[in-house]
>>> print(open('work.csv').read())   # CSV, C-alpha atoms (C1' of nucleotides)
chain,number,residue,atom,x,y,z
A,1,MET,CA,54.8,-168.4,-77.3
A,2,ASN,CA,54.0,-165.0,-78.9
A,3,THR,CA,51.6,-162.5,-77.6
A,4,ARG,CA,48.7,-163.8,-79.6
A,5,ASP,CA,49.2,-167.3,-78.3
A,6,VAL,CA,49.4,-166.1,-74.8
A,7,ALA,CA,46.2,-164.1,-75.2
A,8,SER,CA,44.5,-167.1,-76.7
A,9,ILE,CA,45.6,-169.3,-73.8
A,10,ARG,CA,44.3,-166.9,-71.2
A,11,ARG,CA,41.0,-166.6,-72.9
A,12,ARG,CA,40.5,-170.3,-73.6
A,13,LEU,CA,41.6,-171.4,-70.1
A,14,LEU,CA,39.3,-168.9,-68.3
A,15,ALA,CA,36.3,-169.9,-70.5
A,16,TRP,CA,37.0,-173.5,-69.9
A,17,PHE,CA,37.3,-173.0,-66.1
A,18,ARG,CA,34.1,-171.1,-65.8
A,19,LYS,CA,32.3,-174.0,-67.5
A,20,ASN,CA,34.1,-176.9,-65.9
A,21,ALA,CA,35.2,-175.9,-62.5
A,22,ARG,CA,34.3,-178.3,-59.7
A,23,PRO,CA,32.0,-176.7,-57.1
A,24,LEU,CA,34.6,-177.0,-54.3
A,25,PRO,CA,33.6,-175.5,-50.9
A,26,TRP,CA,36.3,-172.9,-50.9
A,27,ARG,CA,35.3,-171.7,-54.3
A,28,ALA,CA,32.0,-170.3,-52.9
A,29,THR,CA,33.8,-167.4,-51.3
A,30,ARG,CA,36.5,-164.8,-51.7
A,31,ASP,CA,37.1,-164.7,-47.9
A,32,PRO,CA,40.9,-164.7,-47.6
A,33,TYR,CA,40.7,-166.6,-44.4
A,34,ARG,CA,38.8,-169.5,-45.9
A,35,ILE,CA,41.0,-169.5,-48.9
A,36,TRP,CA,44.0,-169.6,-46.7
A,37,ILE,CA,42.7,-172.6,-44.7
A,38,SER,CA,41.9,-174.5,-47.9
A,39,GLU,CA,45.4,-173.7,-49.4
A,40,VAL,CA,47.2,-175.0,-46.4
A,41,MET,CA,45.1,-178.1,-46.2
A,42,LEU,CA,45.7,-178.7,-49.9
A,43,GLN,CA,49.5,-178.6,-49.5
A,44,GLN,CA,50.7,-182.1,-50.6
A,45,THR,CA,47.2,-183.3,-50.0
A,46,GLN,CA,44.5,-184.3,-52.6
A,47,VAL,CA,41.3,-182.4,-53.0
A,48,ALA,CA,39.0,-185.3,-52.1
A,49,ALA,CA,40.8,-185.8,-48.8
A,50,VAL,CA,40.6,-182.1,-47.9
A,51,ILE,CA,36.9,-181.4,-48.4
A,52,PRO,CA,35.5,-183.0,-45.2
A,53,TYR,CA,38.3,-181.6,-43.1
A,54,PHE,CA,37.8,-178.1,-44.5
A,55,LYS,CA,34.1,-178.1,-43.7
A,56,ARG,CA,34.6,-179.4,-40.2
A,57,PHE,CA,37.4,-176.9,-39.5
A,58,LEU,CA,35.4,-173.9,-40.6
A,59,LYS,CA,32.5,-175.0,-38.3
A,60,HIS,CA,34.9,-174.8,-35.3
A,61,PHE,CA,36.9,-171.8,-36.5
A,62,PRO,CA,34.8,-169.8,-38.9
A,63,THR,CA,37.0,-166.6,-38.7
A,64,LEU,CA,40.5,-165.5,-38.2
A,65,PRO,CA,39.9,-164.2,-34.6
A,66,LYS,CA,38.3,-167.5,-33.7
A,67,LEU,CA,41.4,-169.4,-34.9
A,68,ALA,CA,43.7,-166.9,-33.2
A,69,GLN,CA,42.1,-167.7,-29.8
A,70,ALA,CA,41.9,-171.4,-30.5
A,71,ASP,CA,43.6,-174.1,-28.4
A,72,GLU,CA,46.4,-175.6,-30.5
A,73,GLN,CA,45.6,-179.1,-29.2
A,74,MET,CA,42.1,-178.6,-30.5
A,75,VAL,CA,43.4,-177.5,-33.9
A,76,LEU,CA,45.7,-180.5,-34.0
A,77,ARG,CA,42.8,-182.8,-33.2
A,78,LEU,CA,40.8,-181.5,-36.1
A,79,TRP,CA,43.9,-182.0,-38.3
A,80,GLU,CA,44.4,-185.6,-37.3
A,81,GLY,CA,44.6,-187.7,-40.4
A,82,LEU,CA,45.7,-185.0,-42.8
A,83,GLY,CA,49.4,-185.4,-42.0
A,84,TYR,CA,52.2,-182.7,-42.0
A,85,TYR,CA,51.0,-181.5,-38.6
A,86,ARG,CA,53.3,-178.6,-38.6
A,87,ARG,CA,50.8,-177.0,-41.0
A,88,ALA,CA,48.3,-176.9,-38.2
A,89,ARG,CA,50.8,-175.5,-35.7
A,90,ASP,CA,51.9,-172.8,-38.3
A,91,LEU,CA,48.2,-172.0,-38.8
A,92,CYS,CA,47.8,-171.2,-35.2
A,93,ARG,CA,51.1,-169.3,-35.1
A,94,ALA,CA,50.2,-167.2,-38.1
A,95,ALA,CA,46.7,-166.5,-36.8
A,96,ARG,CA,48.1,-165.2,-33.6
A,97,LEU,CA,50.8,-163.2,-35.2
A,98,LEU,CA,48.1,-161.5,-37.4
A,99,ARG,CA,46.0,-160.7,-34.4
A,100,ASN,CA,48.9,-159.4,-32.4
A,101,ASN,CA,49.7,-157.0,-35.2
A,102,LYS,CA,46.1,-155.8,-35.4
A,103,TYR,CA,45.2,-157.5,-38.7
A,104,ARG,CA,41.6,-158.5,-38.8
A,105,THR,CA,42.2,-160.7,-41.8
A,106,ILE,CA,44.9,-161.7,-44.2
A,107,PRO,CA,46.3,-158.4,-45.5
A,108,ASP,CA,46.4,-157.6,-49.2
A,109,ASP,CA,50.2,-157.4,-49.1
A,110,PRO,CA,52.5,-160.2,-50.3
A,111,GLU,CA,55.5,-158.8,-48.5
A,112,VAL,CA,53.7,-159.1,-45.2
A,113,VAL,CA,52.0,-162.4,-45.8
A,114,ARG,CA,55.1,-164.1,-47.1
A,115,THR,CA,56.8,-163.6,-43.7
A,116,LEU,CA,54.1,-165.6,-41.9
A,117,PRO,CA,54.9,-169.2,-40.9
A,118,GLY,CA,53.5,-171.6,-43.4
A,119,PHE,CA,53.3,-169.1,-46.2
A,120,GLY,CA,55.8,-170.0,-49.0
A,121,ARG,CA,55.7,-168.5,-52.4
A,122,TYR,CA,52.9,-170.7,-53.6
A,123,THR,CA,50.5,-170.2,-50.7
A,124,THR,CA,51.1,-166.5,-50.6
A,125,ASN,CA,50.4,-166.0,-54.2
A,126,ALA,CA,47.5,-168.5,-54.3
A,127,VAL,CA,45.7,-166.8,-51.4
A,128,LEU,CA,46.3,-163.2,-52.6
A,129,SER,CA,45.4,-163.9,-56.2
A,130,GLN,CA,42.1,-165.6,-55.3
A,131,ALA,CA,41.1,-163.3,-52.5
A,132,TYR,CA,42.2,-160.0,-53.9
A,133,ASP,CA,42.9,-160.7,-57.6
A,134,ARG,CA,46.6,-159.8,-57.0
A,135,ARG,CA,48.6,-160.5,-60.2
A,136,LEU,CA,50.8,-163.2,-58.7
A,137,PRO,CA,51.7,-166.5,-60.4
A,138,ILE,CA,51.6,-170.0,-58.8
A,139,VAL,CA,53.5,-173.2,-59.5
A,140,GLU,CA,52.5,-176.4,-57.9
A,141,ALA,CA,52.1,-180.1,-58.9
A,142,ASN,CA,49.3,-179.5,-61.4
A,143,SER,CA,50.4,-176.3,-63.0
A,144,ARG,CA,53.9,-177.6,-63.2
A,145,ARG,CA,52.8,-180.5,-65.3
A,146,VAL,CA,50.7,-178.2,-67.5
A,147,LEU,CA,53.6,-175.8,-68.0
A,148,CYS,CA,56.1,-178.5,-68.8
A,149,ARG,CA,53.8,-180.0,-71.5
A,150,LEU,CA,52.5,-176.6,-72.8
A,151,PHE,CA,56.1,-175.4,-73.3
A,152,GLY,CA,57.4,-178.8,-74.3
A,153,ILE,CA,60.2,-179.0,-71.7
A,154,GLU,CA,61.9,-182.4,-72.2
A,155,ARG,CA,64.4,-182.1,-69.4
A,156,LEU,CA,64.3,-181.6,-65.7
A,157,PRO,CA,62.8,-178.1,-65.3
A,158,ARG,CA,64.3,-175.5,-63.1
A,159,ASP,CA,62.0,-173.9,-60.6
A,160,ALA,CA,62.9,-170.3,-61.6
A,161,GLU,CA,62.1,-171.2,-65.1
A,162,LEU,CA,58.6,-172.5,-64.2
A,163,TRP,CA,57.8,-169.4,-62.1
A,164,GLN,CA,58.8,-167.2,-65.0
A,165,LEU,CA,56.7,-169.1,-67.4
A,166,ALA,CA,53.7,-169.0,-65.1
A,167,GLU,CA,54.1,-165.3,-64.7
A,168,SER,CA,54.3,-164.8,-68.5
A,169,LEU,CA,50.8,-166.3,-68.9
A,170,LEU,CA,49.0,-164.3,-66.2
A,171,PRO,CA,46.1,-162.2,-67.4
A,172,GLN,CA,45.6,-158.6,-66.1
A,173,ARG,CA,42.4,-159.5,-64.3
A,174,SER,CA,40.7,-162.7,-63.0
A,175,VAL,CA,44.2,-163.8,-61.9
A,176,GLY,CA,42.8,-166.1,-59.2
A,177,ASP,CA,40.5,-167.8,-61.6
A,178,PHE,CA,43.4,-168.2,-64.1
A,179,ASN,CA,45.6,-169.7,-61.4
A,180,GLN,CA,42.9,-172.1,-60.4
A,181,ALA,CA,42.2,-172.9,-64.0
A,182,MET,CA,45.8,-174.0,-64.5
A,183,MET,CA,45.4,-176.3,-61.5
A,184,GLU,CA,42.0,-177.6,-62.5
A,185,LEU,CA,43.2,-178.4,-66.0
A,186,GLY,CA,46.1,-180.4,-64.5
A,187,ALA,CA,43.6,-182.2,-62.2
A,188,LEU,CA,40.9,-183.0,-64.7
A,189,VAL,CA,42.5,-182.9,-68.2
A,190,CYS,CA,46.3,-182.6,-68.2
A,191,THR,CA,46.6,-185.6,-65.8
A,192,ALA,CA,49.8,-187.3,-64.8
A,193,THR,CA,49.0,-190.4,-66.8
A,194,ASN,CA,46.7,-190.6,-69.9
A,195,PRO,CA,46.2,-186.9,-70.4
A,196,HIS,CA,42.9,-186.1,-72.2
A,197,CYS,CA,44.4,-183.9,-74.9
A,198,GLU,CA,41.3,-184.4,-77.1
A,199,SER,CA,39.3,-182.3,-74.6
A,200,CYS,CA,42.0,-179.8,-73.7
A,201,PRO,CA,41.1,-176.2,-74.3
A,202,ILE,CA,44.7,-175.2,-75.0
A,203,ALA,CA,45.9,-178.3,-76.9
A,204,VAL,CA,46.3,-176.2,-80.0
A,205,HIS,CA,49.0,-174.3,-78.2
A,206,CYS,CA,50.7,-177.3,-76.6
A,207,ARG,CA,54.2,-178.0,-77.8
A,208,GLY,CA,54.4,-181.3,-75.9
A,209,ARG,CA,51.2,-182.4,-77.7
A,210,ARG,CA,52.5,-181.2,-81.0
A,211,MET,CA,55.7,-183.3,-80.5
A,212,GLY,CA,53.6,-186.2,-79.4
A,213,ARG,CA,55.7,-186.2,-76.2
A,214,GLN,CA,52.9,-185.5,-73.7
A,215,ASP,CA,53.3,-189.0,-72.1
A,216,HIS,CA,57.0,-188.3,-71.5
A,217,ILE,CA,56.6,-184.9,-70.0
A,218,PRO,CA,57.4,-183.8,-67.3
A,219,VAL,CA,60.5,-185.9,-66.8
A,220,ARG,CA,61.0,-187.1,-63.2
A,221,ALA,CA,64.0,-186.7,-61.1
A,222,PRO,CA,65.6,-190.1,-60.5
A,223,SER,CA,64.4,-191.4,-57.2
A,224,ALA,CA,67.0,-191.6,-54.4
A,225,GLU,CA,68.4,-195.0,-53.6
A,226,VAL,CA,68.1,-196.8,-50.4
A,227,CYS,CA,71.5,-196.8,-48.8
A,228,LEU,CA,73.1,-198.3,-45.7
A,229,VAL,CA,73.7,-195.9,-42.9
A,230,ASP,CA,75.4,-196.4,-39.5
A,231,GLU,CA,73.4,-194.8,-36.8
A,232,VAL,CA,73.3,-194.3,-33.1
A,233,ALA,CA,69.9,-194.7,-31.5
A,234,VAL,CA,68.9,-193.9,-28.0
A,235,ILE,CA,66.1,-195.8,-26.4
A,236,VAL,CA,64.2,-194.1,-23.7
A,237,GLN,CA,61.9,-196.1,-21.5
A,238,ARG,CA,59.1,-195.0,-19.3
A,239,ASP,CA,56.6,-197.5,-18.0
A,240,ASP,CA,55.8,-199.7,-21.0
A,241,ARG,CA,56.6,-197.2,-23.7
A,242,LEU,CA,59.7,-196.7,-25.8
A,243,LEU,CA,61.0,-193.6,-27.4
A,244,ILE,CA,63.8,-193.7,-29.9
A,245,VAL,CA,66.0,-190.7,-30.5
A,246,GLN,CA,67.9,-191.3,-33.6
A,247,ARG,CA,70.8,-189.5,-35.1
A,248,PRO,CA,70.9,-190.1,-38.8
A,249,ASP,CA,73.6,-187.5,-39.6
A,250,ALA,CA,76.8,-187.1,-37.7
A,251,GLY,CA,76.6,-184.3,-35.1
A,252,ARG,CA,73.0,-183.4,-35.6
A,253,TRP,CA,69.9,-184.7,-33.8
A,254,ALA,CA,67.3,-184.9,-36.4
A,255,ARG,CA,64.3,-186.7,-35.1
A,256,MET,CA,62.6,-188.5,-32.3
A,257,TRP,CA,60.2,-191.3,-32.8
A,258,GLU,CA,57.7,-192.5,-30.3
A,259,PHE,CA,56.2,-195.9,-30.6
A,260,PRO,CA,53.1,-195.9,-28.4
A,261,HIS,CA,52.0,-199.3,-29.4
A,262,HIS,CA,55.3,-201.0,-28.9
A,263,VAL,CA,55.5,-202.7,-25.5
A,264,ARG,CA,58.6,-204.4,-24.2
A,265,ALA,CA,57.6,-208.0,-23.3
A,266,PRO,CA,58.2,-209.1,-19.7
A,267,GLY,CA,61.7,-210.4,-19.4
A,268,GLU,CA,62.6,-209.2,-22.9
A,269,SER,CA,65.9,-207.3,-23.2
A,270,VAL,CA,66.0,-203.8,-24.5
A,271,LEU,CA,68.1,-204.9,-27.4
A,272,ASP,CA,65.7,-207.7,-28.3
A,273,SER,CA,62.8,-205.3,-28.0
A,274,VAL,CA,64.4,-202.8,-30.3
A,275,GLN,CA,65.1,-205.5,-32.8
A,276,ARG,CA,61.5,-206.6,-32.7
A,277,LEU,CA,60.4,-203.0,-33.1
A,278,LEU,CA,62.5,-202.6,-36.2
A,279,THR,CA,61.1,-205.7,-37.7
A,280,SER,CA,57.6,-204.8,-37.0
A,281,LEU,CA,58.1,-201.4,-38.7
A,282,GLY,CA,59.4,-203.2,-41.8
A,283,LEU,CA,62.9,-201.8,-41.3
A,284,GLU,CA,65.7,-204.0,-42.2
A,285,GLY,CA,68.4,-203.6,-39.6
A,286,THR,CA,70.4,-205.1,-36.8
A,287,VAL,CA,70.8,-203.9,-33.2
A,288,GLY,CA,74.3,-204.0,-32.1
A,289,ASP,CA,76.0,-203.5,-28.7
A,290,GLU,CA,74.6,-201.5,-25.9
A,291,ILE,CA,76.8,-198.4,-25.4
A,292,ALA,CA,75.5,-197.1,-22.1
A,293,THR,CA,72.5,-197.0,-19.8
A,294,ILE,CA,71.5,-194.0,-17.7
A,295,ARG,CA,68.8,-194.1,-15.1
A,296,HIS,CA,67.0,-191.0,-14.1
A,297,ARG,CA,65.5,-191.4,-10.7
A,298,VAL,CA,63.5,-188.2,-10.8
A,299,THR,CA,62.0,-188.7,-14.3
A,300,ARG,CA,61.7,-192.5,-13.9
A,301,PHE,CA,63.3,-192.9,-17.3
A,302,GLN,CA,65.9,-195.3,-18.2
A,303,ILE,CA,67.9,-194.4,-21.3
A,304,THR,CA,69.8,-197.0,-23.2
A,305,MET,CA,72.1,-196.2,-26.1
A,306,VAL,CA,72.6,-198.9,-28.6
A,307,CYS,CA,74.3,-199.2,-32.0
A,308,VAL,CA,71.7,-199.7,-34.7
A,309,GLN,CA,72.4,-200.4,-38.3
A,310,VAL,CA,69.4,-199.7,-40.5
A,311,HIS,CA,68.8,-199.9,-44.2
A,312,HIS,CA,67.7,-196.3,-44.1
A,313,PRO,CA,64.7,-195.3,-46.2
A,314,ARG,CA,65.5,-192.5,-48.5
A,315,GLY,CA,63.2,-190.3,-50.5
A,316,SER,CA,59.6,-191.4,-50.6
A,317,ALA,CA,60.5,-195.0,-51.0
A,318,GLN,CA,59.4,-195.8,-47.5
A,319,ALA,CA,56.8,-193.1,-47.0
A,320,GLY,CA,54.1,-194.4,-44.7
A,321,THR,CA,56.4,-196.7,-42.8
A,322,TYR,CA,56.2,-194.6,-39.8
A,323,ALA,CA,52.4,-194.4,-39.6
A,324,ASN,CA,50.9,-193.8,-36.2
A,325,LEU,CA,54.1,-192.3,-34.8
A,326,THR,CA,54.4,-189.0,-33.2
A,327,TRP,CA,57.0,-186.8,-34.8
A,328,VAL,CA,58.7,-184.2,-32.7
A,329,ARG,CA,61.1,-181.6,-34.1
A,330,PRO,CA,64.3,-181.1,-32.1
A,331,GLN,CA,63.4,-177.4,-31.6
A,332,ASP,CA,60.1,-178.5,-30.2
A,333,LEU,CA,61.6,-180.8,-27.6
A,334,HIS,CA,61.2,-178.2,-24.9
A,335,ALA,CA,57.4,-178.8,-25.1
A,336,TYR,CA,57.8,-182.5,-24.7
A,337,PRO,CA,57.7,-184.3,-21.3
A,338,LEU,CA,60.7,-186.5,-22.2
A,339,SER,CA,62.9,-183.7,-23.4
A,340,THR,CA,65.2,-183.1,-20.4
A,341,PRO,CA,67.1,-186.3,-20.3
A,342,GLN,CA,67.0,-186.5,-24.1
A,343,ARG,CA,68.7,-183.2,-24.4
A,344,ARG,CA,71.2,-183.9,-21.7
A,345,LEU,CA,72.1,-187.0,-23.5
A,346,ALA,CA,72.3,-185.2,-26.8
A,347,ARG,CA,74.8,-182.8,-25.4
A,348,ARG,CA,76.9,-185.6,-24.0
A,349,LEU,CA,77.1,-187.5,-27.2
A,350,HIS,CA,77.7,-184.3,-29.1
A,351,ALA,CA,80.6,-183.5,-27.0
A,352,ASP,CA,82.1,-186.8,-27.9
A,353,ASP,CA,82.1,-186.0,-31.6
B,1,DA,C1',69.9,-177.1,-54.3
B,2,DA,C1',68.5,-181.0,-51.7
B,3,DA,C1',66.4,-183.5,-48.2
B,4,DG,C1',62.7,-184.3,-44.8
B,5,DC,C1',58.1,-184.1,-43.5
B,6,DG,C1',53.0,-188.2,-43.6
B,7,DG,C1',49.2,-190.1,-45.1
B,8,DG,C1',45.9,-191.6,-48.7
B,9,DG,C1',44.7,-193.0,-53.3
B,10,DG,C1',45.4,-195.3,-57.6
B,11,DG,C1',47.6,-198.2,-61.1
C,1,DC,C1',54.8,-202.4,-54.9
C,2,DC,C1',55.4,-197.8,-56.9
C,3,DC,C1',54.1,-193.1,-58.1
C,4,DC,C1',51.5,-189.0,-57.2
C,5,DC,C1',49.3,-185.3,-54.6
C,6,DA,C1',46.7,-177.2,-54.6
C,7,DG,C1',54.6,-177.1,-50.6
C,8,DC,C1',57.2,-175.4,-46.7
C,9,DT,C1',61.3,-175.3,-44.0
C,10,DT,C1',65.9,-176.1,-42.9
C,11,DT,C1',70.6,-176.9,-44.0
>>> encode(input="work.csv", output="structure tokens")
Amino acid sequence: MNTRDVASIRRRLLAWFRKNARPLPWRATRDPYRIWISEVMLQQTQVAAVIPYFKRFLKHFPTLPKLAQADEQMVLRLWEGLGYYRRARDLCRAARLLRNNKYRTIPDDPEVVRTLPGFGRYTTNAVLSQAYDRRLPIVEANSRRVLCRLFGIERLPRDAELWQLAESLLPQRSVGDFNQAMMELGALVCTATNPHCESCPIAVHCRGRRMGRQDHIPVRAPSAEVCLVDEVAVIVQRDDRLLIVQRPDAGRWARMWEFPHHVRAPGESVLDSVQRLLTSLGLEGTVGDEIATIRHRVTRFQITMVCVQVHHPRGSAQAGTYANLTWVRPQDLHAYPLSTPQRRLARRLHADD
DNA sequence: AAAGCGGGGGG
DNA sequence: CCCCCAGCTTT
């Protein structure tokens, strides 16, 4: 792309956006706080799903100070159904960090913003370009597709390459609109399947289109295979609930799954109950021998270790399998009522490695 | 650099 | 069923 092409792309895209932009709620403002909330909700989440959540969230927490003093449980409740709940926790953490450092809103400083939890390169640049017209590029699902087709990249693109291309297109002003225009084009015209090249404002500059390869760009990374993994699972019982602590990788406790709806039937053995649980989750696997059982008088927990061999879901192949489960990160275990025996057990098993 | 996080929507 | 979606964090 030479300088003239780039200038033409900027002009055409901005003109197209001003005529065709959807009237989304977060576009009615340049309030950095609102833009921030929208950007976080939109991470890995489609626009249509976000709109009602965004409106409701802003009714409860209209400003940064309100969010900074919010109860995290309340924020999480408002987040229910959006997924990736760490986003909500990070939202609270970042709001409080800003307040504690005497910021009354998101500062116009990428170096500062980038250090806040939940602010990666994309979110930092998206918020600052839209709120303050900072000249910062963005790369996400939509603009990635646009860039790959526009530049005719017929191989797996490298991230650094895409960021560089995105920056090369940025105008001097209206940067926020331009970034949004790239995304809007990807959402409305340069779609993943059946792109509408006939109505694309920059089709004349599109190498992918010129090569007739738009349907084969961008190329996808091969999806990971489902492979067999030997695992050790720990079953924690309390009353009629089960909690499984699983160790997918040797020497590292990666996750803890709670199954609030799984009830061990009267008289049913733990091993049978776990087998039934695996089946009900659609996981193919077999429950092997019981390794050990530990009873905690104080906590009323009984912990059973069993060998479980599971056909382990890799990549996104089994996304959704664990719906309705509560996910707890190991570093968050201290906040969880069942953490003490779990960690004790983790240390014991770890010592055996 | 690669894997994991979650839920919904569409083909 | 599979792919895709306004990514971030950790290893």
>>> closest_residue(input="work.csv", among="A:Glu154, A:Leu97, A:Val6, A:Ala48", to="B:DG9", atoms="only C-alpha atoms (C1' of nucleotides)")
A:Ala48
>>> atom_distance(input="work.csv", atom1="atom CA of A:Arg87", atom2="atom CA of A:Pro222")
27.8 Å
>>> closest_residue(input="work.csv", among="A:Gln73, A:Gln44, A:Gln275, A:Gln172", to="chain B", atoms="all atoms listed in the file")
A:Gln44
>>> closest_atom_pairs(input="work.csv", of="chain A", to="chain C", cutoff="8 Å", atoms="only C-alpha atoms (C1' of nucleotides)", output="CSV")
residue,atom,partner,partner_atom,distance
A:Glu39,CA,C:DA6,C1',6.4
A:Leu42,CA,C:DA6,C1',5.0
A:Gln43,CA,C:DG7,C1',5.4
A:Gln44,CA,C:DC5,C1',5.3
A:Thr45,CA,C:DC5,C1',5.4
A:Gln46,CA,C:DC5,C1',5.3
A:Val47,CA,C:DA6,C1',7.7
A:Gly118,CA,C:DC8,C1',6.2
A:Phe119,CA,C:DC8,C1',7.4
A:Gly120,CA,C:DC8,C1',6.0
A:Tyr122,CA,C:DG7,C1',7.3
A:Glu140,CA,C:DA6,C1',6.7
A:Ala141,CA,C:DC5,C1',7.3
A:Asn142,CA,C:DA6,C1',7.6
A:Met183,CA,C:DA6,C1',7.1
A:Ala192,CA,C:DC4,C1',8.0
>>> write_last_selection(input="work.csv", atoms="C-alpha atoms", output="CSV table (one decimal), in the coordinates of the input")
chain,number,residue,atom,x,y,z
A,39,GLU,CA,45.4,-173.7,-49.4
A,42,LEU,CA,45.7,-178.7,-49.9
A,43,GLN,CA,49.5,-178.6,-49.5
A,44,GLN,CA,50.7,-182.1,-50.6
A,45,THR,CA,47.2,-183.3,-50.0
A,46,GLN,CA,44.5,-184.3,-52.6
A,47,VAL,CA,41.3,-182.4,-53.0
A,118,GLY,CA,53.5,-171.6,-43.4
A,119,PHE,CA,53.3,-169.1,-46.2
A,120,GLY,CA,55.8,-170.0,-49.0
A,122,TYR,CA,52.9,-170.7,-53.6
A,140,GLU,CA,52.5,-176.4,-57.9
A,141,ALA,CA,52.1,-180.1,-58.9
A,142,ASN,CA,49.3,-179.5,-61.4
A,183,MET,CA,45.4,-176.3,-61.5
A,192,ALA,CA,49.8,-187.3,-64.8
>>> atom_distance(input="work.csv", atom1="atom CA of A:Lys66", atom2="atom CA of A:Thr124")
21.2 Å
